[in-house]
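Dropping structure21.txt in here (compact mmCIF, C-alpha atoms and all ligand atoms):
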# COMPACT_ATOMS: atom_id res chain seq x y z
CA MET A 102 2.42 91.55 21.19
CA ASN A 103 4.43 93.83 23.39
CA ARG A 104 6.69 91.77 25.58
CA VAL A 105 7.30 92.75 29.19
CA ARG A 106 11.03 92.72 29.88
CA LEU A 107 12.31 91.37 33.15
CA LEU A 108 14.13 93.75 35.46
CA THR A 109 13.65 91.21 38.23
CA PRO A 110 16.49 89.48 40.10
CA GLY A 111 15.52 86.03 38.82
CA PRO A 112 14.25 84.74 36.54
CA VAL A 113 15.92 87.08 34.08
CA GLU A 114 16.06 88.02 30.40
CA LEU A 115 17.42 84.95 28.60
CA HIS A 116 20.72 84.89 26.77
CA PRO A 117 20.03 84.62 22.99
CA ARG A 118 22.32 81.59 22.80
CA ALA A 119 20.14 79.86 25.37
CA ARG A 120 16.99 80.58 23.37
CA LEU A 121 18.63 79.24 20.23
CA ALA A 122 19.81 76.06 21.95
CA LEU A 123 16.37 75.50 23.45
CA ALA A 124 14.75 75.70 20.02
CA GLY A 125 16.58 72.55 18.88
CA PRO A 126 15.17 69.01 18.74
CA GLN A 127 15.05 66.85 21.87
CA VAL A 128 18.22 64.85 22.45
CA HIS A 129 18.39 61.72 24.56
CA HIS A 130 20.40 62.14 27.74
CA ARG A 131 22.09 58.71 27.62
CA THR A 132 23.98 59.41 24.39
CA GLU A 133 27.52 60.58 23.73
CA PRO A 134 26.61 64.13 22.55
CA ALA A 135 24.59 64.62 25.74
CA ARG A 136 27.44 63.29 27.90
CA GLU A 137 29.86 65.60 26.15
CA ALA A 138 27.70 68.65 26.88
CA PHE A 139 27.23 67.51 30.48
CA ARG A 140 30.99 67.25 31.01
CA ALA A 141 31.67 70.57 29.27
CA VAL A 142 29.17 72.36 31.53
CA ARG A 143 30.65 70.79 34.68
CA ARG A 144 34.13 71.91 33.60
CA GLY A 145 33.01 75.39 32.54
CA LEU A 146 31.17 75.99 35.78
CA ALA A 147 34.16 74.81 37.83
CA ALA A 148 36.22 77.48 36.06
CA ALA A 149 33.56 80.10 36.78
CA PHE A 150 33.37 79.11 40.46
CA GLY A 151 37.16 79.21 40.60
CA THR A 152 37.68 75.68 41.86
CA GLU A 153 39.82 72.73 40.97
CA GLY A 154 37.20 70.67 42.72
CA GLU A 155 34.13 69.42 40.97
CA VAL A 156 30.73 70.76 40.02
CA LEU A 157 27.61 68.60 40.08
CA LEU A 158 24.47 69.46 38.11
CA LEU A 159 21.09 68.95 39.72
CA THR A 160 17.69 69.21 38.07
CA ALA A 161 16.20 71.48 40.70
CA SER A 162 15.97 75.15 41.53
CA GLY A 163 18.74 76.66 43.63
CA THR A 164 17.02 75.68 46.86
CA GLY A 165 17.39 72.00 45.89
CA ALA A 166 21.15 72.49 45.80
CA MET A 167 21.05 74.21 49.21
CA GLU A 168 19.24 71.20 50.69
CA ALA A 169 21.56 68.72 48.94
CA LEU A 170 24.60 70.47 50.41
CA VAL A 171 23.29 70.71 53.95
CA GLY A 172 22.19 67.05 53.87
CA GLY A 173 25.37 65.86 52.17
CA LEU A 174 27.86 67.69 54.37
CA PHE A 175 26.31 67.58 57.86
CA ALA A 176 24.68 64.87 59.95
CA PRO A 177 21.60 65.50 62.11
CA GLY A 178 22.65 66.89 65.46
CA GLU A 179 25.81 68.54 64.14
CA ARG A 180 26.12 72.23 64.80
CA VAL A 181 26.24 74.84 62.02
CA ALA A 182 26.34 78.63 62.28
CA VAL A 183 23.96 80.70 60.14
CA PRO A 184 24.05 84.50 60.19
CA VAL A 185 20.61 85.65 59.00
CA SER A 186 20.29 89.06 57.37
CA GLY A 187 17.85 88.43 54.51
CA LYS A 188 15.46 85.99 52.92
CA PHE A 189 18.08 83.64 51.51
CA SER A 190 20.30 83.44 54.58
CA GLU A 191 17.10 82.73 56.51
CA ARG A 192 16.47 79.86 54.07
CA TRP A 193 19.83 78.30 55.07
CA ALA A 194 18.70 78.35 58.70
CA GLU A 195 15.30 76.85 57.82
CA ILE A 196 16.82 74.03 55.77
CA ALA A 197 19.40 73.20 58.44
CA GLY A 198 16.62 73.16 61.04
CA ALA A 199 14.38 70.98 58.86
CA LEU A 200 17.22 68.44 58.45
CA GLY A 201 17.74 68.18 62.19
CA LEU A 202 21.01 70.09 62.58
CA GLU A 203 21.72 72.20 65.63
CA VAL A 204 21.51 75.72 64.22
CA ALA A 205 23.38 78.61 65.83
CA ARG A 206 21.24 81.27 64.17
CA GLY A 207 22.20 84.92 64.42
CA ASP A 208 19.44 87.36 63.50
CA LEU A 209 21.01 90.54 62.19
CA PRO A 210 19.40 93.59 60.62
CA TRP A 211 18.28 92.90 57.05
CA GLY A 212 20.25 94.95 54.53
CA GLN A 213 23.33 95.14 56.74
CA PRO A 214 26.53 93.65 55.28
CA LEU A 215 27.99 90.95 57.56
CA THR A 216 31.25 91.40 59.39
CA PRO A 217 33.71 88.61 60.23
CA GLU A 218 33.12 89.34 63.94
CA GLU A 219 29.38 88.76 63.58
CA VAL A 220 30.01 85.40 61.94
CA LEU A 221 32.69 84.28 64.42
CA GLY A 222 30.38 85.27 67.27
CA LEU A 223 28.02 82.45 66.23
CA MET A 224 30.72 79.79 66.12
CA ALA A 225 31.16 78.00 69.43
CA PRO A 226 33.94 75.40 69.64
CA GLY A 227 32.87 72.23 67.81
CA THR A 228 30.88 74.07 65.11
CA ARG A 229 31.03 71.85 62.03
CA GLY A 230 30.36 74.49 59.44
CA VAL A 231 29.01 77.90 58.53
CA LEU A 232 26.32 78.55 55.93
CA LEU A 233 26.84 81.91 54.22
CA THR A 234 25.08 83.94 51.56
CA HIS A 235 27.50 85.80 49.31
CA SER A 236 25.01 87.96 47.43
CA GLU A 237 21.82 88.45 49.48
CA THR A 238 19.42 89.02 46.60
CA SER A 239 16.58 90.00 48.94
CA THR A 240 18.43 93.06 50.29
CA GLY A 241 21.00 93.88 47.61
CA VAL A 242 23.97 93.23 49.89
CA LEU A 243 27.22 91.63 48.68
CA ASN A 244 28.78 90.24 51.85
CA PRO A 245 32.60 90.56 52.20
CA LEU A 246 33.22 86.87 51.56
CA ALA A 247 37.02 87.06 51.40
CA GLU A 248 37.31 88.65 54.84
CA ILE A 249 34.72 86.37 56.40
CA ALA A 250 36.21 83.19 54.94
CA ALA A 251 39.72 84.17 56.04
CA ALA A 252 38.53 84.85 59.60
CA VAL A 253 36.61 81.57 59.79
CA ARG A 254 39.52 79.59 58.37
CA ALA A 255 41.89 81.09 60.95
CA ALA A 256 39.63 80.66 64.00
CA HIS A 257 37.92 77.38 63.06
CA PRO A 258 40.17 75.47 60.67
CA ASP A 259 37.96 72.36 60.73
CA ALA A 260 34.65 74.08 60.00
CA LEU A 261 33.35 73.80 56.45
CA ILE A 262 32.54 77.09 54.71
CA VAL A 263 29.45 76.66 52.52
CA VAL A 264 28.35 79.55 50.34
CA ASP A 265 25.16 80.43 48.47
CA ALA A 266 26.62 81.99 45.32
CA VAL A 267 23.35 81.98 43.38
CA THR A 268 23.54 85.67 42.49
CA SER A 269 27.27 86.15 42.66
CA LEU A 270 28.29 83.52 40.09
CA PHE A 271 28.67 85.42 36.77
CA LEU A 272 27.96 88.72 38.56
CA ALA A 273 30.78 89.31 41.05
CA PRO A 274 34.31 87.92 41.06
CA LEU A 275 34.35 84.47 42.65
CA ALA A 276 37.34 82.22 43.39
CA LEU A 277 36.33 79.50 45.81
CA ASP A 278 39.74 77.82 46.13
CA VAL A 279 41.60 81.09 46.68
CA LEU A 280 39.08 82.15 49.33
CA GLY A 281 39.17 78.79 51.08
CA VAL A 282 35.46 78.19 50.49
CA ASP A 283 34.67 74.48 50.67
CA ALA A 284 31.35 74.30 48.85
CA ALA A 285 29.02 76.61 46.96
CA LEU A 286 25.90 76.55 44.84
CA ALA A 287 24.14 78.49 42.11
CA GLY A 288 21.16 78.13 39.78
CA SER A 289 20.43 78.52 36.09
CA GLN A 290 17.90 81.38 36.17
CA LYS A 291 20.22 84.03 37.58
CA GLY A 292 23.65 85.08 36.29
CA LEU A 293 23.82 82.39 33.61
CA MET A 294 20.70 83.84 31.93
CA LEU A 295 18.98 80.47 31.41
CA PRO A 296 15.43 79.44 32.28
CA PRO A 297 14.91 78.02 35.79
CA GLY A 298 15.47 74.30 36.36
CA LEU A 299 19.18 73.55 36.84
CA ALA A 300 21.20 73.96 40.00
CA PHE A 301 24.98 73.74 40.37
CA VAL A 302 26.92 72.46 43.36
CA ALA A 303 30.67 73.12 43.66
CA LEU A 304 32.65 70.86 45.98
CA GLY A 305 36.23 71.53 47.02
CA SER A 306 38.48 68.71 48.27
CA ARG A 307 37.49 69.02 51.95
CA ALA A 308 33.79 68.97 51.08
CA GLN A 309 34.29 65.94 48.84
CA ALA A 310 36.02 64.13 51.69
CA ARG A 311 33.12 64.85 54.06
CA LEU A 312 30.31 63.93 51.66
CA ARG A 313 27.82 61.46 53.11
CA PRO A 314 24.78 59.78 51.57
CA TYR A 315 21.67 61.89 52.08
CA GLY A 316 18.07 61.18 51.11
CA TYR A 317 17.29 59.85 47.66
CA TYR A 318 16.94 62.41 44.86
CA LEU A 319 19.30 65.04 46.26
CA ASN A 320 22.05 62.57 47.13
CA LEU A 321 25.33 64.25 46.11
CA ASP A 322 27.34 61.20 47.13
CA ARG A 323 25.58 59.11 44.49
CA GLU A 324 25.50 61.93 41.93
CA ARG A 325 29.25 62.37 42.21
CA ARG A 326 29.85 58.78 41.16
CA VAL A 327 27.40 58.89 38.24
CA GLN A 328 28.38 62.35 37.02
CA GLU A 329 32.00 61.31 36.61
CA LYS A 330 30.67 59.44 33.56
CA GLY A 331 28.91 62.49 32.15
CA GLU A 332 25.47 61.34 33.26
CA SER A 333 23.21 61.91 36.23
CA ALA A 334 21.34 59.38 38.36
CA PHE A 335 17.96 60.47 36.99
CA THR A 336 16.78 62.26 33.82
CA PRO A 337 18.59 65.61 33.80
CA ALA A 338 17.14 68.80 32.29
CA ILE A 339 19.38 68.02 29.32
CA ASN A 340 17.94 70.85 27.22
CA LEU A 341 19.11 73.30 29.87
CA VAL A 342 22.50 71.59 29.95
CA LEU A 343 22.84 72.17 26.18
CA ALA A 344 21.76 75.78 26.64
CA ALA A 345 24.25 76.19 29.49
CA ARG A 346 27.07 74.96 27.29
CA ALA A 347 26.13 77.45 24.57
CA VAL A 348 26.05 80.39 26.99
CA LEU A 349 29.26 79.35 28.77
CA GLU A 350 31.10 79.24 25.44
CA GLU A 351 30.38 82.92 25.01
CA LEU A 352 30.60 84.05 28.63
CA LEU A 353 33.74 82.36 29.95
CA PRO A 354 36.38 83.77 27.59
CA ASP A 355 35.22 87.31 28.43
CA LEU A 356 34.13 86.91 32.03
CA ASP A 357 36.08 89.87 33.43
CA ALA A 358 34.55 92.29 30.94
CA HIS A 359 31.12 90.84 31.67
CA LEU A 360 31.56 91.37 35.44
CA LYS A 361 32.79 94.93 34.91
CA ARG A 362 29.74 95.71 32.77
CA LYS A 363 27.36 94.36 35.40
CA ARG A 364 29.12 96.39 38.11
CA ALA A 365 28.89 99.54 35.95
CA TYR A 366 25.16 98.93 35.39
CA LEU A 367 24.63 98.65 39.13
CA GLU A 368 26.40 101.94 39.76
CA ARG A 369 24.16 103.64 37.20
CA LEU A 370 21.00 102.23 38.80
CA TYR A 371 22.07 103.54 42.21
CA ALA A 372 23.13 106.89 40.74
CA ILE A 373 19.68 107.32 39.22
CA GLY A 374 17.81 106.17 42.33
CA GLU A 375 19.91 108.00 44.90
CA GLY A 376 20.04 111.06 42.65
CA ALA A 377 16.22 111.16 42.90
CA GLY A 378 16.42 110.88 46.70
CA LEU A 379 15.83 107.14 47.17
CA ARG A 380 17.58 105.37 50.04
CA PRO A 381 19.48 102.16 49.18
CA VAL A 382 18.61 99.11 51.28
CA PRO A 383 22.25 98.01 51.80
CA ALA A 384 23.29 100.10 54.81
CA ARG A 385 24.72 99.93 58.29
CA GLU A 386 23.06 102.08 60.98
CA GLY A 387 21.36 104.22 58.36
CA VAL A 388 24.55 104.91 56.41
CA PRO A 389 24.42 103.53 52.84
CA ALA A 390 26.86 100.66 52.31
CA PRO A 391 29.91 101.31 50.13
CA MET A 392 29.41 100.26 46.52
CA GLU A 393 31.62 97.17 46.88
CA LEU A 394 29.21 95.79 49.50
CA ARG A 395 26.23 96.11 47.14
CA THR A 396 25.61 93.15 44.86
CA PRO A 397 25.74 93.67 41.07
CA ALA A 398 22.75 91.30 40.95
CA THR A 399 20.21 93.94 41.90
CA ALA A 400 19.76 97.46 43.16
CA ALA A 401 17.42 97.64 46.16
CA PHE A 402 15.73 100.81 47.40
CA HIS A 403 13.47 101.66 50.31
CA LEU A 404 10.08 102.90 49.16
CA PRO A 405 9.57 106.53 50.15
CA GLU A 406 6.91 107.15 52.81
CA GLY A 407 3.41 106.92 51.30
CA LEU A 408 4.45 105.36 47.98
CA PRO A 409 3.03 101.82 47.69
CA PHE A 410 5.06 99.18 45.84
CA GLU A 411 2.12 98.55 43.49
CA ALA A 412 2.37 102.11 42.12
CA VAL A 413 6.04 101.67 41.29
CA ARG A 414 5.46 98.22 39.80
CA ASP A 415 2.60 99.49 37.63
CA ALA A 416 4.57 102.50 36.41
CA PHE A 417 7.27 100.11 35.20
CA LEU A 418 4.71 97.73 33.69
CA ALA A 419 3.12 100.59 31.76
CA ARG A 420 6.52 101.03 30.10
CA GLY A 421 6.99 97.32 29.38
CA ALA A 422 9.19 96.32 32.32
CA ARG A 423 8.68 94.20 35.42
CA ILE A 424 10.51 94.89 38.68
CA ALA A 425 10.39 93.02 42.00
CA GLY A 426 9.24 94.01 45.45
CA GLY A 427 10.93 93.40 48.75
CA GLN A 428 10.87 90.00 50.41
CA GLY A 429 10.23 88.91 53.97
CA ALA A 430 10.90 91.75 56.40
CA LEU A 431 11.25 94.19 53.46
CA LYS A 432 7.98 93.25 51.74
CA GLY A 433 5.94 96.37 51.00
CA ARG A 434 8.87 98.53 52.11
CA SER A 435 11.33 98.23 49.24
CA PHE A 436 11.67 97.46 45.56
CA ARG A 437 14.39 95.87 43.46
CA ILE A 438 15.50 96.53 39.92
CA SER A 439 17.98 94.22 38.24
CA LEU A 440 19.99 93.99 35.04
CA MET A 441 21.18 90.48 35.89
CA GLY A 442 19.78 89.06 32.64
CA HIS A 443 20.88 89.61 29.06
CA TYR A 444 21.17 93.39 28.77
CA PRO A 445 23.57 94.64 26.10
CA GLU A 446 24.26 98.38 26.32
CA PRO A 447 21.30 99.64 24.21
CA GLU A 448 18.78 97.59 26.19
CA ALA A 449 20.43 98.66 29.44
CA ASP A 450 20.13 102.31 28.34
CA TRP A 451 16.45 101.72 27.69
CA ALA A 452 16.08 100.33 31.23
CA PHE A 453 17.87 103.31 32.78
CA GLY A 454 15.55 105.61 30.82
CA VAL A 455 12.48 103.78 32.09
CA PHE A 456 13.75 104.03 35.67
CA ARG A 457 14.29 107.80 35.29
CA GLU A 458 10.81 108.26 33.79
CA VAL A 459 9.15 106.28 36.57
CA LEU A 460 10.91 108.30 39.26
CA ALA A 461 10.03 111.59 37.52
CA GLU A 462 6.39 110.51 37.42
CA LEU A 463 6.08 109.24 40.99
CA LEU A 464 8.40 111.36 43.14
C1 LIG A 501 17.27 82.78 43.66
C2 LIG A 501 18.11 82.51 44.85
C3 LIG A 501 18.17 81.24 45.44
C4 LIG A 501 17.44 80.03 44.94
O1 LIG A 501 16.10 80.20 44.77
P1 LIG A 501 15.30 79.15 43.87
O2 LIG A 501 13.99 79.83 43.73
O3 LIG A 501 15.23 77.89 44.63
O4 LIG A 501 16.07 79.00 42.60
C5 LIG A 501 19.00 81.05 46.53
N1 LIG A 501 19.75 82.04 46.99
C6 LIG A 501 19.76 83.26 46.45
C7 LIG A 501 20.65 84.30 47.02
C8 LIG A 501 18.93 83.54 45.36
O5 LIG A 501 18.95 84.76 44.80

Would you encode the structure as structure tokens?
Amino acid sequence: MNRVRLLTPGPVELHPRARLALAGPQVHHRTEPAREAFRAVRRGLAAAFGTEGEVLLLTASGTGAMEALVGGLFAPGERVAVPVSGKFSERWAEIAGALGLEVARGDLPWGQPLTPEEVLGLMAPGTRGVLLTHSETSTGVLNPLAEIAAAVRAAHPDALIVVDAVTSLFLAPLALDVLGVDAALAGSQKGLMLPPGLAFVALGSRAQARLRPYGYYLNLDRERRVQEKGESAFTPAINLVLAARAVLEELLPDLDAHLKRKRAYLERLYAIGEGAGLRPVPAREGVPAPMELRTPATAAFHLPEGLPFEAVRDAFLARGARIAGGQGALKGRSFRISLMGHYPEPEADWAFGVFREVLAELL
């Protein structure tokens, strides 16, 4: 059977080490080998996030970790700032609203990289935190996190900086402690090249100090106490934890080279697309964003006038590849092509070839 390869920005092509680990027999989660893997993954992810703080594992998709962080760090009625410029930053605002926070929501053009001024403009005195999206997978933007975090830290030293790093972890350089980011999250089905089902929460010292009990299943305060012992409060997706350990063993020692390769892949995707006349989604006032403000997680292009997304999708499918459309405000107006998953050079070359063929056929 011909397999359709994923050029979608999550889920992604699995790492072969993950597939191998998942083929093993079931282990019980309350045993020493399971605890050892659990601890190794928490440590490995802390290194990848760039924090001396701790990482908690949740059996949930990334959104579960977003909710756990908002509930664990802020009380109902507290004010948080949320700049919205894509589907995932909008999700922050929706979660904060659903949990009863006072949300200072700033609606900005989708596809436009944030500026520190835009973020500070949402932060009245007394703002308890800001919810940011590092890599906005829906638009292809990589927000300038270092600049934004530095500006927030200087102007609002008491506000917590909370970052969705779902498609920047393992794709773009990340160093939470150096940047002064207090908390962040990611999920298994993106840069780590695992199946969906695990979410990761990184907590720096200030976030740990502010943690409060929230809800029942997504209670980070309780998880922190249990996970110190290498277990979780409820049955974890232990198979995914074992797979995560196997992938981390290969990825971490060579992380810089991995990030450089992903960045180079992105530049080739944009070179092919823009060379054929496509307009990238990441832009400010119609001017394409510089490459460093485009996320390595996915290239995103506007669909040319009169070309429906379905035609592009089907042209890829006919060649054994699946791409993704736009989301939210960009639905039906853009498409996304991603080499976030396991793509060694020969497979990546195949993907670039498919992209070229599709554009030659349709444009
Ligand atoms: C995928 C993704 C999420 C989480 O989505 P889930 O479907 O809940 O895993 C959150 N933020 C960003 C930027 C993402 O790309």

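Across A:Leu431, A:Val171, A:Ile339, A:Leu246, the tightest approach to Ser269 of chain A is made by A:Leu246 when counting only C-alpha atoms.
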
Check: Given the choices A:Arg395, A:His443, A:His403, A:Arg385, which gets closest to Gly241 of chain A if the distance is worked out from all atoms listed in the file?
Finding: A:Arg395

Per-residue nearest contacts of chain A to ligand LIG 501 (chain A) (6 Å; only C-alpha atoms and all ligand atoms) as CSV:
residue,atom,partner,partner_atom,distance
A:Ser162,CA,A:LIG501,O4,4.0
A:Gly163,CA,A:LIG501,O4,3.7
A:Thr164,CA,A:LIG501,O3,3.6
A:Phe189,CA,A:LIG501,N1,5.1
A:Ser236,CA,A:LIG501,C7,5.7
A:Glu237,CA,A:LIG501,C7,5.0
A:Thr238,CA,A:LIG501,O5,4.6
A:Asp265,CA,A:LIG501,N1,5.8
A:Val267,CA,A:LIG501,C6,4.9
A:Thr268,CA,A:LIG501,O5,5.2
A:Gly288,CA,A:LIG501,O4,5.9

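With only C-alpha atoms taken into account, the protein and nucleic acid residues at most 9 Å from Pro112 of chain A (excluding it and anything under 6 positions from it in its own chain) are Ser289, Gln290, Lys291, Met294, Leu295, Pro296, Pro297 and Gly442 of chain A.
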
Next item on the list: Return the single residue from A:Arg380, A:Leu202, A:Val342, A:Ala452 that is closest to Val105 of chain A, with distances computed using only C-alpha atoms.
Entry: A:Ala452

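Ranking A:Asp283, A:Glu324, A:Glu133, A:Glu386 by their shortest atom-to-atom distance to Gln213 of chain A, with all atoms listed in the file included, puts A:Glu386 first.
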
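Among A:Leu349, A:Ala250, A:Ala425, A:Ala461, the residue with the shortest atom-to-atom distance to Thr216 of chain A, counting all atoms listed in the file, is A:Ala250.
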
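Rounded to one decimal, atom CA of Arg325 of chain A and atom CA of Phe139 of chain A lie 13.0 Å from each other.
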
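In this comparison, which uses only C-alpha atoms, the residue of A:Asp278, A:Pro445, A:Arg104, A:Arg118 approaching Lys363 of chain A most closely is A:Pro445.
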
Checklist line | Neighbour list for Ser239 of chain A as number ranges by chain, cut-off 7 Å, all atoms listed in the file, skip fewer than 4 positions in-chain | finding: A: 187-188, 427-428

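Between atom CA of Thr109 of chain A and atom CA of Ile438 of chain A there is a distance of 5.9 Å.
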
Item checked: Length of the atom CA of Ala384 of chain A to atom CA of Trp211 of chain A vector [Å] -> 9.1 Å

Next item on the list: Go ahead and find all residues with at least one atom no further than 12 Å from (13.7, 74.6, 25.9) in the file's coordinates, using only C-alpha atoms; report them as an MDAnalysis selection string.
Entry: chainID A and resid 115 118:128 295:298 338:345

Let me see the file: selected residues, C-alpha atoms, as a compact mmCIF listing (two decimals), in the coordinates of the input.
# COMPACT_ATOMS: atom_id res chain seq x y z
CA LEU A 115 17.42 84.95 28.60
CA ARG A 118 22.32 81.59 22.80
CA ALA A 119 20.14 79.86 25.37
CA ARG A 120 16.99 80.58 23.37
CA LEU A 121 18.63 79.24 20.23
CA ALA A 122 19.81 76.06 21.95
CA LEU A 123 16.37 75.50 23.45
CA ALA A 124 14.75 75.70 20.02
CA GLY A 125 16.58 72.55 18.88
CA PRO A 126 15.17 69.01 18.74
CA GLN A 127 15.05 66.85 21.87
CA VAL A 128 18.22 64.85 22.45
CA LEU A 295 18.98 80.47 31.41
CA PRO A 296 15.43 79.44 32.28
CA PRO A 297 14.91 78.02 35.79
CA GLY A 298 15.47 74.30 36.36
CA ALA A 338 17.14 68.80 32.29
CA ILE A 339 19.38 68.02 29.32
CA ASN A 340 17.94 70.85 27.22
CA LEU A 341 19.11 73.30 29.87
CA VAL A 342 22.50 71.59 29.95
CA LEU A 343 22.84 72.17 26.18
CA ALA A 344 21.76 75.78 26.64
CA ALA A 345 24.25 76.19 29.49

Note to self: At a cut-off of 8 Å, using only C-alpha atoms, what residues contact segment 192-194 of chain A? Leave out same-chain residues fewer than 4 positions from it and give the result as a ChimeraX atom specification.
What the structure shows: /A:167,183,185,188,198,204,206,232-233

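Within a radius of 10 Å around (27.2, 61.6, 48.7), the polymer residues are Ala169, Leu170, Gly172, Gly173, Leu174, Gln309, Ala310, Arg311, Leu312, Arg313, Pro314, Tyr315, Gly316, Leu319, Asn320, Leu321, Asp322, Arg323, Glu324, Arg325 and Arg326 of chain A, counting all atoms listed in the file.
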
Prev. selection, C-alpha atoms, output as an mmCIF file, in the frame of the given file:
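Everything below was put into out08.cif:
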data_model
loop_
_atom_site.group_PDB
_atom_site.id
_atom_site.type_symbol
_atom_site.label_atom_id
_atom_site.label_comp_id
_atom_site.auth_asym_id
_atom_site.auth_seq_id
_atom_site.Cartn_x
_atom_site.Cartn_y
_atom_site.Cartn_z
ATOM 1 C CA ALA A 169 21.560 68.720 48.940
ATOM 2 C CA LEU A 170 24.600 70.470 50.410
ATOM 3 C CA GLY A 172 22.190 67.050 53.870
ATOM 4 C CA GLY A 173 25.370 65.860 52.170
ATOM 5 C CA LEU A 174 27.860 67.690 54.370
ATOM 6 C CA GLN A 309 34.290 65.940 48.840
ATOM 7 C CA ALA A 310 36.020 64.130 51.690
ATOM 8 C CA ARG A 311 33.120 64.850 54.060
ATOM 9 C CA LEU A 312 30.310 63.930 51.660
ATOM 10 C CA ARG A 313 27.820 61.460 53.110
ATOM 11 C CA PRO A 314 24.780 59.780 51.570
ATOM 12 C CA TYR A 315 21.670 61.890 52.080
ATOM 13 C CA GLY A 316 18.070 61.180 51.110
ATOM 14 C CA LEU A 319 19.300 65.040 46.260
ATOM 15 C CA ASN A 320 22.050 62.570 47.130
ATOM 16 C CA LEU A 321 25.330 64.250 46.110
ATOM 17 C CA ASP A 322 27.340 61.200 47.130
ATOM 18 C CA ARG A 323 25.580 59.110 44.490
ATOM 19 C CA GLU A 324 25.500 61.930 41.930
ATOM 20 C CA ARG A 325 29.250 62.370 42.210
ATOM 21 C CA ARG A 326 29.850 58.780 41.160
#

Next item on the list: Using all atoms listed in the file, determine which residues lie at most 7 Å from segment 416-422 of chain A, disregarding the query and same-chain residues fewer than 3 positions distant; provide the list as a count of residues only.
Entry: 9

Taking every listed atom of segment 136-155 of chain A and adding 6 Å to each side, what centre and edge lengths in Å (one decimal) does the axis-aligned box have, as AutoDock Vina command-line options?
--center_x 33.5 --center_y 71.7 --center_z 34.4 --size_x 24.6 --size_y 28.8 --size_z 28.6

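By all atoms listed in the file, and with residues fewer than 6 positions from Gly433 of chain A along its chain excluded, the set lying at most 8 Å from it is Leu404, Pro409, Phe410, Gly426 and Gly427 of chain A.
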